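*Asks:* Just passing along the structure, written as structure tokens.
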Amino acid sequence: GAKQVLERAARAACVVLGPGLGRAEHSGALVRDLAPRIPAPLLIDADGLNALGTELELLAAREQPTVLTPHAGELARLLGCSSEGVNARRLDCARSASERSGAIVVLKGDDTLVVDCDRFAVNAHGSPALATAGTGDVLSGTIAALIARGTEPFEAACAGVLAHARAGSIAAERVGLVESVVATDVISALPAGLRP
């Protein structure tokens, strides 16, 4: 499958790798083979992050921009440490992953961080509505869409994180209960979340 993916990626404005991929060994091997070679901007999330293991340096030689979107547990696996260690030093850990991989790191959480080595931003607009399955995939798609439209990758990550958080809050208002929000509610709220 790698040849087909690379052929399609050559025509892509941005590639998202990982969501829904699964954790089978052959899937992990595919990610480790593809990630350094995809000739387009690349966003890696979910099972794509798990497939990298601690091999962040696989990404360092990429010529096109790379964005990683881990939560604390995924970043802990990438760095070979504990989730508690990541949560105690979120900025330092995200910066370490960014430096090792050459990627922009979006460390998801109540105060999502966007880190590009020495450059960073903090999103203080958290939304408990985003603590549900599938909303991380919505964030990945939002950032990738902004990159595909020509937005500078760090700015795309920052704008995507803010729009996603705002969409989560809007979805919760529309649904009426934070606990009842699902990913499709967040998608429906994205146009409002993207407005200035």
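By order in the structure tokens, chains are A, B, ...; within a chain, residues start at 1; ligands start at 1, following the order shown.
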Env of A:Val115: 12 Å cut, atoms = only C-alpha atoms, seq-sep filter 5 positions within chain, self excluded. Answer as a VMD selection string.
*Replies:* chain A and resid 66 to 70 90 to 99 101 to 108 120 to 123 153 to 155 157 to 158
*Asks:* List as a JSON list (two decimals) with N, CA and C atoms, in the first residue's frame the protein and nucleic acid residues near stretch 73-76 of chain A, meaning an atom at most 7 Å away when only C-alpha atoms are counted, but skip any in the same chain fewer than 4 places from it.
*Replies:*
[["chain", "number", "residue", "atom", "x", "y", "z"],
["A", 49, "LEU", "N", 0.75, 8.25, 15.63],
["A", 49, "LEU", "CA", 1.68, 8.61, 16.70],
["A", 49, "LEU", "C", 2.15, 7.36, 17.43],
["A", 50, "ASN", "N", 1.20, 6.47, 17.72],
["A", 50, "ASN", "CA", 1.57, 5.23, 18.41],
["A", 50, "ASN", "C", 2.53, 4.40, 17.57],
["A", 80, "GLY", "N", 9.16, 8.29, 25.58],
["A", 80, "GLY", "CA", 9.61, 7.20, 26.43],
["A", 80, "GLY", "C", 9.56, 7.55, 27.91],
["A", 81, "CYS", "N", 8.53, 8.29, 28.32],
["A", 81, "CYS", "CA", 8.38, 8.65, 29.73],
["A", 81, "CYS", "C", 6.94, 8.41, 30.15],
["A", 82, "SER", "N", 6.55, 8.91, 31.32],
["A", 82, "SER", "CA", 5.19, 8.70, 31.82],
["A", 82, "SER", "C", 4.28, 9.88, 31.49],
["A", 83, "SER", "N", 2.99, 9.62, 31.47],
["A", 83, "SER", "CA", 2.01, 10.70, 31.27],
["A", 83, "SER", "C", 2.12, 11.73, 32.38],
["A", 86, "VAL", "N", 4.87, 14.07, 31.58],
["A", 86, "VAL", "CA", 4.47, 15.04, 30.55],
["A", 86, "VAL", "C", 3.60, 16.11, 31.17]]
*Asks:* Which of stretch 59-148 of chain A end up as alpha helix (DSSP H) when DSSP is run on this backbone - answer as a VMD selection string?
*Replies:* chain A and resid 72 to 79 83 to 88 90 to 101 135 to 148
*Asks:* Could you pull out the strand (DSSP E or B) residues of stretch 57-149 of chain A, going by DSSP on the backbone, and write them as a list in words?
*Replies:* Thr66, Val67, Leu68, Ile104, Val105, Val106, Leu107, Leu113, Val114, Val115, Asp116, Arg119, Phe120, Ala121 and Val122 of chain A
*Asks:* Quick one: write out the picked residues with N, CA, C and O atoms as a PDB file, in the first residue's frame?
*Replies:*
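Resulting contents of selection09.pdb:
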ATOM      1  N   THR A  66       5.715  19.262   9.135  1.00  0.00           N
ATOM      2  CA  THR A  66       5.113  18.138   9.838  1.00  0.00           C
ATOM      3  C   THR A  66       4.455  18.662  11.106  1.00  0.00           C
ATOM      4  O   THR A  66       5.035  19.502  11.797  1.00  0.00           O
ATOM      5  N   VAL A  67       3.263  18.156  11.408  1.00  0.00           N
ATOM      6  CA  VAL A  67       2.557  18.518  12.635  1.00  0.00           C
ATOM      7  C   VAL A  67       2.199  17.227  13.357  1.00  0.00           C
ATOM      8  O   VAL A  67       1.681  16.290  12.744  1.00  0.00           O
ATOM      9  N   LEU A  68       2.480  17.168  14.654  1.00  0.00           N
ATOM     10  CA  LEU A  68       2.098  16.044  15.502  1.00  0.00           C
ATOM     11  C   LEU A  68       1.046  16.543  16.482  1.00  0.00           C
ATOM     12  O   LEU A  68       1.211  17.626  17.056  1.00  0.00           O
ATOM     13  N   ILE A 104       6.044  20.602  14.282  1.00  0.00           N
ATOM     14  CA  ILE A 104       5.207  21.402  15.169  1.00  0.00           C
ATOM     15  C   ILE A 104       4.427  20.408  16.024  1.00  0.00           C
ATOM     16  O   ILE A 104       3.856  19.451  15.498  1.00  0.00           O
ATOM     17  N   VAL A 105       4.425  20.615  17.339  1.00  0.00           N
ATOM     18  CA  VAL A 105       3.735  19.706  18.245  1.00  0.00           C
ATOM     19  C   VAL A 105       2.538  20.424  18.854  1.00  0.00           C
ATOM     20  O   VAL A 105       2.680  21.491  19.442  1.00  0.00           O
ATOM     21  N   VAL A 106       1.368  19.826  18.678  1.00  0.00           N
ATOM     22  CA  VAL A 106       0.134  20.325  19.285  1.00  0.00           C
ATOM     23  C   VAL A 106      -0.179  19.378  20.436  1.00  0.00           C
ATOM     24  O   VAL A 106      -0.667  18.262  20.216  1.00  0.00           O
ATOM     25  N   LEU A 107       0.158  19.793  21.663  1.00  0.00           N
ATOM     26  CA  LEU A 107      -0.085  18.955  22.837  1.00  0.00           C
ATOM     27  C   LEU A 107      -1.479  19.277  23.363  1.00  0.00           C
ATOM     28  O   LEU A 107      -1.715  20.323  23.958  1.00  0.00           O
ATOM     29  N   LEU A 113      -1.204  23.289  23.864  1.00  0.00           N
ATOM     30  CA  LEU A 113       0.018  24.010  23.488  1.00  0.00           C
ATOM     31  C   LEU A 113       0.332  23.732  22.027  1.00  0.00           C
ATOM     32  O   LEU A 113       0.184  22.604  21.562  1.00  0.00           O
ATOM     33  N   VAL A 114       0.803  24.752  21.331  1.00  0.00           N
ATOM     34  CA  VAL A 114       1.315  24.596  19.972  1.00  0.00           C
ATOM     35  C   VAL A 114       2.780  25.022  20.041  1.00  0.00           C
ATOM     36  O   VAL A 114       3.081  26.167  20.384  1.00  0.00           O
ATOM     37  N   VAL A 115       3.692  24.084  19.749  1.00  0.00           N
ATOM     38  CA  VAL A 115       5.121  24.331  19.944  1.00  0.00           C
ATOM     39  C   VAL A 115       5.889  24.031  18.665  1.00  0.00           C
ATOM     40  O   VAL A 115       5.747  22.964  18.083  1.00  0.00           O
ATOM     41  N   ASP A 116       6.691  24.991  18.256  1.00  0.00           N
ATOM     42  CA  ASP A 116       7.594  24.831  17.120  1.00  0.00           C
ATOM     43  C   ASP A 116       8.981  25.239  17.603  1.00  0.00           C
ATOM     44  O   ASP A 116       9.386  26.391  17.463  1.00  0.00           O
ATOM     45  N   ARG A 119       9.298  28.628  19.427  1.00  0.00           N
ATOM     46  CA  ARG A 119       8.063  29.386  19.259  1.00  0.00           C
ATOM     47  C   ARG A 119       6.919  28.562  19.846  1.00  0.00           C
ATOM     48  O   ARG A 119       6.812  27.372  19.590  1.00  0.00           O
ATOM     49  N   PHE A 120       6.053  29.201  20.647  1.00  0.00           N
ATOM     50  CA  PHE A 120       4.921  28.452  21.192  1.00  0.00           C
ATOM     51  C   PHE A 120       3.729  29.357  21.445  1.00  0.00           C
ATOM     52  O   PHE A 120       3.866  30.574  21.549  1.00  0.00           O
ATOM     53  N   ALA A 121       2.561  28.737  21.513  1.00  0.00           N
ATOM     54  CA  ALA A 121       1.317  29.424  21.825  1.00  0.00           C
ATOM     55  C   ALA A 121       0.510  28.534  22.765  1.00  0.00           C
ATOM     56  O   ALA A 121       0.632  27.308  22.735  1.00  0.00           O
ATOM     57  N   VAL A 122      -0.294  29.185  23.603  1.00  0.00           N
ATOM     58  CA  VAL A 122      -1.142  28.468  24.554  1.00  0.00           C
ATOM     59  C   VAL A 122      -2.588  28.837  24.275  1.00  0.00           C
ATOM     60  O   VAL A 122      -2.918  30.023  24.211  1.00  0.00           O
TER      61      VAL A 122
END
*Asks:* Within 12 Å of A:Arg23, counting only C-alpha atoms, which residues show up once you throw out same-chain ones fewer than 4 positions away? Write them as a PyMOL selection string, please.
*Replies:* chain A and resi 18-19+27-31+46-53
*Asks:* Using only C-alpha atoms, which of A:Leu177, A:Ala171, A:Leu79, A:Leu139 sits nearest A:Ala156?
*Replies:*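 Among the listed residues, A:Leu139 lies closest to A:Ala156.
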*Asks:* Given the choices A:His125, A:His71, A:Arg37, A:Arg100, which gets closest to A:Val161 if the distance is worked out from only C-alpha atoms?
*Replies:*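 Smallest separation from A:Val161 among the options: A:His125.
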*Asks:* From the set A:Thr112, A:Ser180, A:Ser127, A:Gln4, which residue has the shortest atom-to-atom contact distance to A:Ala159, counting only C-alpha atoms?
*Replies:* A:Thr112
*Asks:* Near A:Lys3, within 12 Å and counting only C-alpha atoms, which residues show up once chain neighbours fewer than 3 positions away are dropped, as a count of residues only?
*Replies:* 10
*Asks:* If you count only C-alpha atoms, which residues fall within 7 Å of stretch 132-138 of chain A, apart from same-chain ones fewer than 3 positions away, as a list in words?
*Replies:*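 With the cut-off at 7 Å, the set is Pro19, Ala129, Gly141, Thr142, Val182, Ala183 and Ile187 of chain A.
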*Asks:* How about saving the chosen residues, C-alpha atoms kept, as a compact mmCIF listing (two decimals), in the first residue's frame?
*Replies:*
# COMPACT_ATOMS: atom_id res chain seq x y z
CA PRO A 19 -6.77 8.24 12.59
CA ALA A 129 -17.16 19.02 25.22
CA GLY A 141 -8.78 17.64 9.81
CA THR A 142 -9.19 21.31 10.69
CA VAL A 182 -20.36 14.03 19.77
CA ALA A 183 -17.77 14.70 17.09
CA ILE A 187 -18.00 19.53 12.93
*Asks:* Atom CA of A:Pro191 and atom CA of A:Glu152, how far apart in Å?
*Replies:* 20.0 Å
*Asks:* Residues near A:Gly126, anyone? I mean within 7 Å using only C-alpha atoms, not counting same-chain ones fewer than 5 positions away, as a VMD selection string.
*Replies:* chain A and resid 110 to 111 165
*Asks:* Could you check which of A:Leu194, A:Val181, A:Ala124, A:Leu43 is closest to A:Val16, using only C-alpha atoms?
*Replies:*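 Using only C-alpha atoms, the shortest distance to A:Val16 belongs to A:Leu43.
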*Asks:* I'd like to know which of A:Ala60, A:Cys117, A:Leu21, A:Ala172 is closest to A:Asp185, using only C-alpha atoms.
*Replies:*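 Closest to A:Asp185, using only C-alpha atoms: A:Ala172.
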*Asks:* Counting only C-alpha atoms, which of A:Arg11, A:Arg166, A:Arg89, A:Arg62 gets nearest to A:Pro128?
*Replies:*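 Closest residue, counting only C-alpha atoms: A:Arg166.
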*Asks:* Could you tell me how far atom CA of A:Val15 sits from atom CA of A:Ile44, in Å to one decimal place?
*Replies:*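 Atom-to-atom, atom CA of A:Ile44 to atom CA of A:Val15, that is 8.4 Å.
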